[in-house]
$ cat start-v9.pdb   # PDB, C-alpha atoms, pLDDT in the B column
ATOM      1  CA  MET W   1       9.586 -33.761   6.939  1.00 44.00           C
ATOM      2  CA  ALA W   2       6.355 -35.302   8.244  1.00 45.00           C
ATOM      3  CA  ASP W   3       8.127 -37.069  11.115  1.00 48.00           C
ATOM      4  CA  ASP W   4       9.390 -33.915  12.754  1.00 54.00           C
ATOM      5  CA  ALA W   5       6.320 -31.847  11.872  1.00 51.00           C
ATOM      6  CA  VAL W   6       4.752 -30.060  14.840  1.00 60.00           C
ATOM      7  CA  VAL W   7       1.195 -31.099  15.678  1.00 67.00           C
ATOM      8  CA  GLU W   8      -0.437 -28.753  18.157  1.00 68.00           C
ATOM      9  CA  MET W   9      -3.721 -29.687  19.779  1.00 70.00           C
ATOM     10  CA  ASN W  10      -6.264 -27.294  21.245  1.00 68.00           C
ATOM     11  CA  GLU W  11      -8.381 -27.876  24.402  1.00 68.00           C
ATOM     12  CA  THR W  12     -10.959 -30.014  22.581  1.00 68.00           C
ATOM     13  CA  GLY W  13      -8.265 -32.329  21.218  1.00 68.00           C
ATOM     14  CA  ALA W  14      -8.592 -31.191  17.600  1.00 73.00           C
ATOM     15  CA  VAL W  15      -5.553 -29.980  15.647  1.00 76.00           C
ATOM     16  CA  ALA W  16      -5.048 -26.272  16.370  1.00 85.00           C
ATOM     17  CA  LEU W  17      -5.341 -24.045  13.330  1.00 92.00           C
ATOM     18  CA  ARG W  18      -3.459 -20.835  12.743  1.00 95.00           C
ATOM     19  CA  ILE W  19      -3.886 -18.009  10.290  1.00 95.00           C
ATOM     20  CA  TYR W  20      -1.050 -17.693   7.760  1.00 96.00           C
ATOM     21  CA  GLU W  21      -0.340 -15.545   4.757  1.00 96.00           C
ATOM     22  CA  VAL W  22       1.829 -16.507   1.839  1.00 96.00           C
ATOM     23  CA  GLY W  23       3.204 -13.833  -0.478  1.00 97.00           C
ATOM     24  CA  TYR W  24       4.941 -14.896  -3.668  1.00 96.00           C
ATOM     25  CA  HIS W  25       6.590 -13.657  -6.838  1.00 96.00           C
ATOM     26  CA  ILE W  26       6.103 -15.703 -10.003  1.00 96.00           C
ATOM     27  CA  ALA W  27       8.827 -15.412 -12.672  1.00 94.00           C
ATOM     28  CA  PRO W  28       7.954 -12.681 -15.226  1.00 94.00           C
ATOM     29  CA  ASP W  29       8.701 -14.988 -18.176  1.00 92.00           C
ATOM     30  CA  THR W  30       5.604 -17.044 -17.241  1.00 92.00           C
ATOM     31  CA  LYS W  31       2.790 -16.511 -19.734  1.00 92.00           C
ATOM     32  CA  GLU W  32      -0.247 -14.673 -18.335  1.00 90.00           C
ATOM     33  CA  GLU W  33      -2.558 -17.564 -19.266  1.00 91.00           C
ATOM     34  CA  ASP W  34      -0.331 -19.961 -17.295  1.00 92.00           C
ATOM     35  CA  LEU W  35      -0.415 -17.862 -14.111  1.00 93.00           C
ATOM     36  CA  ASP W  36      -3.681 -19.399 -12.982  1.00 93.00           C
ATOM     37  CA  LYS W  37      -2.192 -22.899 -13.362  1.00 94.00           C
ATOM     38  CA  VAL W  38       0.823 -21.969 -11.215  1.00 94.00           C
ATOM     39  CA  VAL W  39      -1.370 -20.445  -8.499  1.00 94.00           C
ATOM     40  CA  THR W  40      -3.676 -23.481  -8.608  1.00 95.00           C
ATOM     41  CA  THR W  41      -0.722 -25.743  -7.701  1.00 94.00           C
ATOM     42  CA  LEU W  42      -0.132 -23.575  -4.623  1.00 94.00           C
ATOM     43  CA  ARG W  43      -3.832 -23.612  -3.737  1.00 94.00           C
ATOM     44  CA  GLU W  44      -3.860 -27.397  -4.023  1.00 94.00           C
ATOM     45  CA  ALA W  45      -0.816 -27.648  -1.745  1.00 93.00           C
ATOM     46  CA  ILE W  46      -2.656 -25.547   0.874  1.00 94.00           C
ATOM     47  CA  LYS W  47      -5.804 -27.655   0.511  1.00 93.00           C
ATOM     48  CA  ALA W  48      -3.812 -30.892   0.765  1.00 92.00           C
ATOM     49  CA  GLY W  49      -2.457 -29.784   4.137  1.00 89.00           C
ATOM     50  CA  GLY W  50      -5.969 -29.202   5.440  1.00 90.00           C
ATOM     51  CA  GLY W  51      -5.983 -25.461   4.936  1.00 91.00           C
ATOM     52  CA  SER W  52      -8.968 -23.258   4.184  1.00 93.00           C
ATOM     53  CA  PHE W  53      -8.770 -19.954   2.310  1.00 95.00           C
ATOM     54  CA  ILE W  54      -9.629 -16.600   3.878  1.00 95.00           C
ATOM     55  CA  ALA W  55      -8.550 -14.029   1.307  1.00 94.00           C
ATOM     56  CA  GLU W  56      -6.509 -13.836  -1.863  1.00 94.00           C
ATOM     57  CA  GLY W  57      -4.747 -11.277  -4.021  1.00 94.00           C
ATOM     58  CA  ALA W  58      -4.384 -12.198  -7.697  1.00 94.00           C
ATOM     59  CA  PRO W  59      -0.834 -12.046  -9.111  1.00 95.00           C
ATOM     60  CA  SER W  60      -0.066  -8.809 -10.920  1.00 95.00           C
ATOM     61  CA  LEU W  61       3.158  -7.719 -12.590  1.00 95.00           C
ATOM     62  CA  THR W  62       5.127  -5.615 -10.104  1.00 95.00           C
ATOM     63  CA  LYS W  63       8.426  -3.810 -10.533  1.00 96.00           C
ATOM     64  CA  LEU W  64      10.907  -4.815  -7.856  1.00 96.00           C
ATOM     65  CA  ALA W  65      12.744  -2.280  -5.704  1.00 96.00           C
ATOM     66  CA  TYR W  66      16.027  -4.108  -6.418  1.00 96.00           C
ATOM     67  CA  PRO W  67      17.044  -6.875  -8.854  1.00 96.00           C
ATOM     68  CA  ILE W  68      16.835 -10.413  -7.495  1.00 95.00           C
ATOM     69  CA  PHE W  69      19.509 -12.828  -8.734  1.00 94.00           C
ATOM     70  CA  LEU W  70      18.749 -16.525  -8.838  1.00 90.00           C
ATOM     71  CA  ARG W  71      21.121 -19.344  -9.674  1.00 87.00           C
ATOM     72  CA  GLU W  72      19.673 -21.717 -12.248  1.00 83.00           C
ATOM     73  CA  GLY W  73      22.248 -24.435 -12.854  1.00 82.00           C
ATOM     74  CA  GLU W  74      25.369 -22.745 -14.191  1.00 88.00           C
ATOM     75  CA  LYS W  75      23.675 -19.478 -15.078  1.00 90.00           C
ATOM     76  CA  SER W  76      22.597 -16.636 -12.860  1.00 92.00           C
ATOM     77  CA  VAL W  77      19.194 -15.182 -13.736  1.00 92.00           C
ATOM     78  CA  GLU W  78      18.263 -11.611 -12.862  1.00 94.00           C
ATOM     79  CA  TYR W  79      14.665 -10.642 -12.149  1.00 95.00           C
ATOM     80  CA  ASP W  80      13.687  -6.972 -12.035  1.00 95.00           C
ATOM     81  CA  ARG W  81       9.940  -7.635 -11.987  1.00 95.00           C
ATOM     82  CA  GLY W  82       7.600 -10.433 -11.039  1.00 95.00           C
ATOM     83  CA  TYR W  83       3.938 -11.397 -10.720  1.00 96.00           C
ATOM     84  CA  PHE W  84       3.231 -10.618  -7.080  1.00 96.00           C
ATOM     85  CA  GLY W  85       0.284 -12.321  -5.392  1.00 96.00           C
ATOM     86  CA  TRP W  86      -0.751 -13.456  -1.930  1.00 96.00           C
ATOM     87  CA  ILE W  87      -3.083 -15.909  -0.186  1.00 96.00           C
ATOM     88  CA  LYS W  88      -4.333 -15.761   3.404  1.00 96.00           C
ATOM     89  CA  PHE W  89      -5.357 -19.133   4.797  1.00 95.00           C
ATOM     90  CA  GLU W  90      -6.044 -21.084   7.968  1.00 95.00           C
ATOM     91  CA  ALA W  91      -4.058 -24.280   8.462  1.00 95.00           C
ATOM     92  CA  PRO W  92      -2.280 -26.414  11.061  1.00 94.00           C
ATOM     93  CA  ILE W  93       1.420 -25.746  11.712  1.00 91.00           C
ATOM     94  CA  ALA W  94       2.521 -28.849   9.808  1.00 91.00           C
ATOM     95  CA  ALA W  95       0.670 -27.658   6.703  1.00 91.00           C
ATOM     96  CA  ALA W  96       2.420 -24.284   6.794  1.00 91.00           C
ATOM     97  CA  GLN W  97       5.771 -26.045   6.903  1.00 91.00           C
ATOM     98  CA  ALA W  98       4.728 -28.295   4.001  1.00 93.00           C
ATOM     99  CA  ILE W  99       3.698 -25.247   1.941  1.00 94.00           C
ATOM    100  CA  GLU W 100       7.061 -23.623   2.579  1.00 93.00           C
ATOM    101  CA  ALA W 101       8.807 -26.804   1.414  1.00 93.00           C
ATOM    102  CA  PHE W 102       6.583 -26.923  -1.681  1.00 94.00           C
ATOM    103  CA  LEU W 103       7.417 -23.320  -2.604  1.00 94.00           C
ATOM    104  CA  LYS W 104      11.133 -23.983  -2.122  1.00 93.00           C
ATOM    105  CA  GLN W 105      11.020 -26.812  -4.658  1.00 92.00           C
ATOM    106  CA  ASN W 106       8.858 -25.017  -7.225  1.00 91.00           C
ATOM    107  CA  ARG W 107      11.055 -22.954  -9.579  1.00 88.00           C
ATOM    108  CA  SER W 108       8.139 -20.781 -10.775  1.00 90.00           C
ATOM    109  CA  PHE W 109       8.094 -18.978  -7.421  1.00 94.00           C
ATOM    110  CA  PHE W 110      11.408 -17.134  -7.331  1.00 94.00           C
ATOM    111  CA  ARG W 111      10.675 -15.491  -3.987  1.00 95.00           C
ATOM    112  CA  PHE W 112       8.081 -16.230  -1.309  1.00 96.00           C
ATOM    113  CA  LEU W 113       7.246 -15.492   2.305  1.00 96.00           C
ATOM    114  CA  VAL W 114       5.058 -17.479   4.733  1.00 96.00           C
ATOM    115  CA  PHE W 115       4.200 -15.873   8.058  1.00 96.00           C
ATOM    116  CA  GLN W 116       1.579 -15.940  10.772  1.00 95.00           C
ATOM    117  CA  THR W 117      -1.012 -13.169  10.721  1.00 95.00           C
ATOM    118  CA  VAL W 118      -4.531 -12.315  11.910  1.00 93.00           C
ATOM    119  CA  ARG W 119      -7.903 -13.114  10.393  1.00 92.00           C
ATOM    120  CA  GLU W 120      -8.941  -9.471  10.021  1.00 89.00           C
ATOM    121  CA  ASP W 121      -8.163  -7.503   6.901  1.00 87.00           C
ATOM    122  CA  THR W 122      -4.764  -5.916   7.542  1.00 83.00           C
ATOM    123  CA  ARG W 123      -4.673  -3.566   4.551  1.00 86.00           C
ATOM    124  CA  ALA W 124      -4.633   0.056   5.657  1.00 83.00           C
ATOM    125  CA  LYS W 125      -7.578   2.193   4.714  1.00 82.00           C
ATOM    126  CA  MET W 126      -6.142   5.652   4.646  1.00 76.00           C
ATOM    127  CA  LYS W 127      -8.564   8.501   5.202  1.00 68.00           C
ATOM    128  CA  ALA W 128      -8.794  10.935   2.346  1.00 64.00           C
ATOM    129  CA  PRO W 129      -6.685  13.964   3.198  1.00 62.00           C
ATOM    130  CA  GLN W 130      -8.947  16.646   4.567  1.00 62.00           C
ATOM    131  CA  LEU W 131      -8.253  20.262   3.949  1.00 66.00           C
ATOM    132  CA  ARG W 132      -7.790  22.266   7.117  1.00 67.00           C
ATOM    133  CA  GLU W 133     -10.506  24.754   7.812  1.00 69.00           C
ATOM    134  CA  VAL W 134      -8.943  28.164   8.026  1.00 68.00           C
ATOM    135  CA  LYS W 135     -10.809  30.998   9.674  1.00 70.00           C
ATOM    136  CA  ARG W 136     -10.482  34.072   7.579  1.00 70.00           C
ATOM    137  CA  THR W 137      -9.611  37.248   9.326  1.00 72.00           C
ATOM    138  CA  ASP W 138      -9.251  39.432   6.286  1.00 72.00           C
ATOM    139  CA  VAL W 139     -12.776  39.478   4.969  1.00 72.00           C
ATOM    140  CA  ILE W 140     -12.923  41.616   1.910  1.00 70.00           C
ATOM    141  CA  LYS W 141     -16.111  43.611   1.667  1.00 74.00           C
ATOM    142  CA  GLN W 142     -17.243  44.169  -1.820  1.00 76.00           C
ATOM    143  CA  ALA W 143     -17.558  47.748  -2.837  1.00 75.00           C
ATOM    144  CA  PRO W 144     -21.008  48.641  -4.204  1.00 73.00           C
ATOM    145  CA  ARG W 145     -20.966  48.512  -7.918  1.00 76.00           C
ATOM    146  CA  ARG W 146     -21.321  51.780  -9.764  1.00 75.00           C
ATOM    147  CA  VAL W 147     -24.302  51.765 -11.988  1.00 70.00           C
ATOM    148  CA  GLU W 148     -23.194  52.922 -15.352  1.00 72.00           C
ATOM    149  CA  GLU W 149     -25.062  55.899 -16.620  1.00 70.00           C
ATOM    150  CA  VAL W 150     -26.753  55.284 -19.868  1.00 68.00           C
ATOM    151  CA  SER W 151     -26.012  58.160 -22.170  1.00 71.00           C
ATOM    152  CA  ALA W 152     -28.627  59.047 -24.661  1.00 75.00           C
ATOM    153  CA  PRO W 153     -27.670  60.639 -27.977  1.00 78.00           C
ATOM    154  CA  VAL W 154     -27.259  64.400 -27.476  1.00 80.00           C
ATOM    155  CA  SER W 155     -28.434  66.791 -30.117  1.00 85.00           C
ATOM    156  CA  GLU W 156     -26.111  69.568 -31.336  1.00 87.00           C
ATOM    157  CA  GLU W 157     -28.488  72.282 -30.131  1.00 88.00           C
ATOM    158  CA  ASP W 158     -28.459  70.988 -26.563  1.00 87.00           C
ATOM    159  CA  LEU W 159     -24.683  70.756 -26.695  1.00 87.00           C
ATOM    160  CA  GLU W 160     -24.236  74.333 -27.845  1.00 89.00           C
ATOM    161  CA  LYS W 161     -26.712  75.549 -25.235  1.00 87.00           C
ATOM    162  CA  ALA W 162     -24.792  73.766 -22.503  1.00 86.00           C
ATOM    163  CA  LEU W 163     -21.516  75.204 -23.759  1.00 87.00           C
ATOM    164  CA  SER W 164     -22.864  78.730 -23.877  1.00 88.00           C
ATOM    165  CA  ASP W 165     -24.168  78.298 -20.304  1.00 87.00           C
ATOM    166  CA  ILE W 166     -20.707  77.347 -19.120  1.00 87.00           C
ATOM    167  CA  THR W 167     -18.907  80.156 -20.996  1.00 85.00           C
ATOM    168  CA  SER W 168     -21.419  82.800 -19.896  1.00 80.00           C
ATOM    169  CA  GLU W 169     -20.686  81.997 -16.244  1.00 67.00           C
TER
ATOM    170  CA  MET K   1      -0.224  17.741  18.019  1.00 60.00           C
ATOM    171  CA  SER K   2       1.438  14.323  17.505  1.00 76.00           C
ATOM    172  CA  ASN K   3       2.477  13.223  14.026  1.00 85.00           C
ATOM    173  CA  ASN K   4       1.402   9.612  14.543  1.00 90.00           C
ATOM    174  CA  ILE K   5       0.131   8.620  11.090  1.00 91.00           C
ATOM    175  CA  LEU K   6      -1.284   5.283  12.255  1.00 93.00           C
ATOM    176  CA  THR K   7      -3.406   6.757  15.055  1.00 93.00           C
ATOM    177  CA  GLN K   8      -4.559   9.669  12.915  1.00 91.00           C
ATOM    178  CA  ASN K   9      -5.812   7.282  10.216  1.00 90.00           C
ATOM    179  CA  ASP K  10      -7.111   4.705  12.732  1.00 91.00           C
ATOM    180  CA  ILE K  11      -4.868   1.927  11.370  1.00 92.00           C
ATOM    181  CA  GLN K  12      -4.857  -1.154  13.630  1.00 92.00           C
ATOM    182  CA  HIS K  13      -2.676  -3.499  11.534  1.00 93.00           C
ATOM    183  CA  VAL K  14       0.352  -2.712   9.390  1.00 95.00           C
ATOM    184  CA  ASP K  15       0.588  -4.783   6.230  1.00 95.00           C
ATOM    185  CA  TYR K  16       3.813  -5.310   4.280  1.00 96.00           C
ATOM    186  CA  LYS K  17       1.868  -4.846   1.021  1.00 95.00           C
ATOM    187  CA  ASP K  18       0.949  -1.233   1.892  1.00 94.00           C
ATOM    188  CA  VAL K  19       4.107   0.138   0.351  1.00 94.00           C
ATOM    189  CA  ASP K  20       2.896   3.741   0.176  1.00 94.00           C
ATOM    190  CA  LEU K  21       2.172   3.746   3.911  1.00 94.00           C
ATOM    191  CA  LEU K  22       5.519   2.133   4.768  1.00 95.00           C
ATOM    192  CA  LYS K  23       7.411   4.608   2.582  1.00 95.00           C
ATOM    193  CA  GLN K  24       6.452   7.289   5.095  1.00 94.00           C
ATOM    194  CA  PHE K  25       8.545   5.481   7.711  1.00 96.00           C
ATOM    195  CA  ILE K  26      11.780   5.233   5.714  1.00 96.00           C
ATOM    196  CA  ASN K  27      14.244   8.020   4.993  1.00 95.00           C
ATOM    197  CA  PRO K  28      15.613   8.881   1.511  1.00 94.00           C
ATOM    198  CA  HIS K  29      18.408   6.314   2.043  1.00 95.00           C
ATOM    199  CA  GLY K  30      15.864   3.563   2.696  1.00 95.00           C
ATOM    200  CA  ARG K  31      16.562   3.311   6.418  1.00 96.00           C
ATOM    201  CA  ILE K  32      13.774   2.972   8.977  1.00 96.00           C
ATOM    202  CA  VAL K  33      13.200   6.224  10.870  1.00 96.00           C
ATOM    203  CA  GLY K  34      13.302   6.164  14.654  1.00 96.00           C
ATOM    204  CA  ARG K  35      10.456   6.643  17.061  1.00 94.00           C
ATOM    205  CA  THR K  36      11.325  10.256  17.764  1.00 94.00           C
ATOM    206  CA  LYS K  37      10.756  11.094  14.106  1.00 94.00           C
ATOM    207  CA  SER K  38       7.928   8.640  13.320  1.00 93.00           C
ATOM    208  CA  GLY K  39       5.954   9.614  16.427  1.00 94.00           C
ATOM    209  CA  LEU K  40       4.689   6.025  16.802  1.00 95.00           C
ATOM    210  CA  THR K  41       4.115   4.085  20.000  1.00 95.00           C
ATOM    211  CA  ALA K  42       6.622   1.312  20.781  1.00 96.00           C
ATOM    212  CA  LYS K  43       4.132  -1.359  19.713  1.00 96.00           C
ATOM    213  CA  GLN K  44       3.328   0.407  16.442  1.00 96.00           C
ATOM    214  CA  GLN K  45       7.032   0.967  15.738  1.00 96.00           C
ATOM    215  CA  ARG K  46       7.718  -2.777  16.110  1.00 97.00           C
ATOM    216  CA  ALA K  47       4.833  -3.595  13.737  1.00 96.00           C
ATOM    217  CA  VAL K  48       6.091  -1.067  11.170  1.00 96.00           C
ATOM    218  CA  GLU K  49       9.653  -2.423  11.421  1.00 97.00           C
ATOM    219  CA  ALA K  50       8.451  -5.999  10.833  1.00 96.00           C
ATOM    220  CA  ALA K  51       6.315  -4.903   7.866  1.00 96.00           C
ATOM    221  CA  ILE K  52       9.176  -2.935   6.278  1.00 97.00           C
ATOM    222  CA  LYS K  53      11.526  -5.902   6.649  1.00 97.00           C
ATOM    223  CA  ARG K  54       8.974  -8.210   5.012  1.00 97.00           C
ATOM    224  CA  ALA K  55       8.443  -5.711   2.184  1.00 97.00           C
ATOM    225  CA  ARG K  56      12.214  -5.449   1.680  1.00 97.00           C
ATOM    226  CA  PHE K  57      12.607  -9.228   1.479  1.00 97.00           C
ATOM    227  CA  MET K  58       9.797  -9.402  -1.078  1.00 96.00           C
ATOM    228  CA  GLY K  59      11.443  -6.696  -3.197  1.00 96.00           C
ATOM    229  CA  LEU K  60       8.655  -4.183  -2.637  1.00 96.00           C
ATOM    230  CA  LEU K  61      10.909  -1.768  -0.748  1.00 96.00           C
ATOM    231  CA  PRO K  62      14.651  -1.208  -1.162  1.00 97.00           C
ATOM    232  CA  PHE K  63      17.249  -2.232   1.432  1.00 96.00           C
ATOM    233  CA  ILE K  64      19.302   0.839   0.503  1.00 95.00           C
ATOM    234  CA  GLN K  65      18.753   3.767  -1.813  1.00 89.00           C
ATOM    235  CA  LYS K  66      21.538   5.748  -3.385  1.00 77.00           C
TER
END

$ encode --input "start-v9.pdb" --output "structure tokens"
Amino acid sequence: MADDAVVEMNETGAVALRIYEVGYHIAPDTKEEDLDKVVTTLREAIKAGGGSFIAEGAPSLTKLAYPIFLREGEKSVEYDRGYFGWIKFEAPIAAAQAIEAFLKQNRSFFRFLVFQTVREDTRAKMKAPQLREVKRTDVIKQAPRRVEEVSAPVSEEDLEKALSDITSE
Amino acid sequence: MSNNILTQNDIQHVDYKDVDLLKQFINPHGRIVGRTKSGLTAKQQRAVEAAIKRARFMGLLPFIQK
């Protein structure tokens, strides 16, 4: 592999570095305490190729959109979930190829992807949905509240007097 | 008004890990919607297509949906 590895030089004569990202799925049957060990082997492979880390996403159990079948000897193993993680790093081209070869050999990583990217954070920061301001045309004016009349206890004499006044008319 | 989600949210890069964003560019069958429907520029459409294909390979998005 090393013989046909591409070595690109920049203007100053140093080995040109590129930004890469590796995304991977670790088999779900791996114990959670062993995850760090598995990721460390990948980190060491990146370091060995002269890479430096930019950003990293810790592996977390993710449900897959479709089952992935993998042939292990005679048997076919189906994975419907996996520990998905990613690492963004800067490395020469040869190192990226070496990392891809390393991942291919390692059975813990049942699926991986190495591709060139940019240094900036590429995760989308969606704006919180803003409610549209609607101008109201139908403004409801509140009717003045009727003040309730407080009724005092009426004596029977006053009541009879009032009644006689009405009937006399 | 255009329905360009990327411009409206000032998104410069499309990442394959942003599954919720990418889901807005696939139809119920899992196919990538065209530019006329997505309202994206040609450059943005290419970036979205690449991101969806990466997400599909990594099992984050389906190739087809029944």

$ interface_residues --input "start-v9.pdb" --of "chain K" --to "chain W" --cutoff "12 Å" --atoms "only C-alpha atoms" --output "PyMOL selection string"
chain K and resi 5-22+30+47+50-51+53-66

$ closest_residue --input "start-v9.pdb" --among "W:Ala48, W:Leu35, W:Arg107, W:Lys161" --to "Arg71 of chain W" --atoms "all atoms listed in the file"
W:Arg107

$ closest_residue --input "start-v9.pdb" --among "W:Gly57, W:Lys135, W:Gln116, W:Phe69" --to "Ala96 of chain W" --atoms "all atoms listed in the file"
W:Gln116

$ axis_aligned_box --input "start-v9.pdb" --around "segment 49-67 of chain W" --padding-each-side "8 Å" --output "AutoDock Vina command-line options"
--center_x 3.7 --center_y -16.0 --center_z -3.6 --size_x 42.7 --size_y 43.5 --size_z 34.0

$ atom_distance --input "start-v9.pdb" --atom1 "atom CA of Ile54 of chain W" --atom2 "atom CA of Ile87 of chain W"
7.7 Å

$ atom_distance --input "start-v9.pdb" --atom1 "atom CA of Phe110 of chain W" --atom2 "atom CA of Ile26 of chain W"
6.1 Å

$ atom_distance --input "start-v9.pdb" --atom1 "atom CA of Leu61 of chain W" --atom2 "atom CA of Glu32 of chain W"
9.6 Å

$ residues_around --input "start-v9.pdb" --residues "Met9 of chain W" --least-positions-apart "4" --cutoff "12 Å" --atoms "all atoms listed in the file" --output "MDAnalysis selection string"
chainID W and resid 13:18 92:94

$ write_last_selection --input "start-v9.pdb" --atoms "C-alpha atoms" --output "CSV table (one decimal), in the frame of the given file"
chain,number,residue,atom,x,y,z
W,13,GLY,CA,-8.3,-32.3,21.2
W,14,ALA,CA,-8.6,-31.2,17.6
W,15,VAL,CA,-5.6,-30.0,15.6
W,16,ALA,CA,-5.0,-26.3,16.4
W,17,LEU,CA,-5.3,-24.0,13.3
W,18,ARG,CA,-3.5,-20.8,12.7
W,92,PRO,CA,-2.3,-26.4,11.1
W,93,ILE,CA,1.4,-25.7,11.7
W,94,ALA,CA,2.5,-28.8,9.8

$ residues_around --input "start-v9.pdb" --residues "Arg43 of chain W" --least-positions-apart "2" --cutoff "10 Å" --atoms "all atoms listed in the file" --output "PyMOL selection string"
chain W and resi 37-41+45-48+51-53+87+89+99

$ resolve_selection --input "start-v9.pdb" --expression "the PyMOL selection byres ((chain K and resi 2) around 12)" --output "list of chain:residue names"
K:Met1, K:Asn3, K:Asn4, K:Ile5, K:Leu6, K:Thr7, K:Gln8, K:Arg35, K:Thr36, K:Lys37, K:Ser38, K:Gly39, K:Leu40, K:Thr41

$ decode --input "start-v9.pdb" --residues "segment 151-164 of chain W" --atoms "N, CA and C atoms" --output "PDB file, in the first residue's frame"
ATOM      1  N   SER W 151     -78.191  45.699  45.634  1.00  0.00           N
ATOM      2  CA  SER W 151     -79.547  45.859  46.188  1.00  0.00           C
ATOM      3  C   SER W 151     -79.530  45.680  47.706  1.00  0.00           C
ATOM      4  N   ALA W 152     -80.056  46.684  48.314  1.00  0.00           N
ATOM      5  CA  ALA W 152     -80.114  46.647  49.778  1.00  0.00           C
ATOM      6  C   ALA W 152     -81.410  45.943  50.208  1.00  0.00           C
ATOM      7  N   PRO W 153     -81.447  45.371  51.356  1.00  0.00           N
ATOM      8  CA  PRO W 153     -82.687  44.708  51.794  1.00  0.00           C
ATOM      9  C   PRO W 153     -83.858  45.711  51.878  1.00  0.00           C
ATOM     10  N   VAL W 154     -84.975  45.309  51.258  1.00  0.00           N
ATOM     11  CA  VAL W 154     -86.137  46.228  51.197  1.00  0.00           C
ATOM     12  C   VAL W 154     -87.153  45.831  52.283  1.00  0.00           C
ATOM     13  N   SER W 155     -87.608  46.814  52.963  1.00  0.00           N
ATOM     14  CA  SER W 155     -88.582  46.516  54.026  1.00  0.00           C
ATOM     15  C   SER W 155     -89.971  46.314  53.402  1.00  0.00           C
ATOM     16  N   GLU W 156     -90.831  45.618  54.099  1.00  0.00           N
ATOM     17  CA  GLU W 156     -92.172  45.289  53.567  1.00  0.00           C
ATOM     18  C   GLU W 156     -93.023  46.540  53.373  1.00  0.00           C
ATOM     19  N   GLU W 157     -92.839  47.504  54.229  1.00  0.00           N
ATOM     20  CA  GLU W 157     -93.587  48.772  54.145  1.00  0.00           C
ATOM     21  C   GLU W 157     -93.282  49.506  52.851  1.00  0.00           C
ATOM     22  N   ASP W 158     -91.992  49.593  52.551  1.00  0.00           N
ATOM     23  CA  ASP W 158     -91.546  50.275  51.320  1.00  0.00           C
ATOM     24  C   ASP W 158     -92.092  49.553  50.091  1.00  0.00           C
ATOM     25  N   LEU W 159     -92.130  48.238  50.189  1.00  0.00           N
ATOM     26  CA  LEU W 159     -92.592  47.420  49.065  1.00  0.00           C
ATOM     27  C   LEU W 159     -94.083  47.654  48.790  1.00  0.00           C
ATOM     28  N   GLU W 160     -94.834  47.669  49.864  1.00  0.00           N
ATOM     29  CA  GLU W 160     -96.287  47.893  49.734  1.00  0.00           C
ATOM     30  C   GLU W 160     -96.586  49.281  49.203  1.00  0.00           C
ATOM     31  N   LYS W 161     -95.784  50.251  49.678  1.00  0.00           N
ATOM     32  CA  LYS W 161     -95.960  51.645  49.254  1.00  0.00           C
ATOM     33  C   LYS W 161     -95.704  51.762  47.750  1.00  0.00           C
ATOM     34  N   ALA W 162     -94.647  51.102  47.321  1.00  0.00           N
ATOM     35  CA  ALA W 162     -94.289  51.126  45.898  1.00  0.00           C
ATOM     36  C   ALA W 162     -95.369  50.475  45.059  1.00  0.00           C
ATOM     37  N   LEU W 163     -95.921  49.387  45.583  1.00  0.00           N
ATOM     38  CA  LEU W 163     -96.972  48.658  44.855  1.00  0.00           C
ATOM     39  C   LEU W 163     -98.245  49.501  44.741  1.00  0.00           C
ATOM     40  N   SER W 164     -98.579  50.135  45.841  1.00  0.00           N
ATOM     41  CA  SER W 164     -99.786  50.978  45.836  1.00  0.00           C
ATOM     42  C   SER W 164     -99.626  52.163  44.892  1.00  0.00           C
TER      43      SER W 164
END
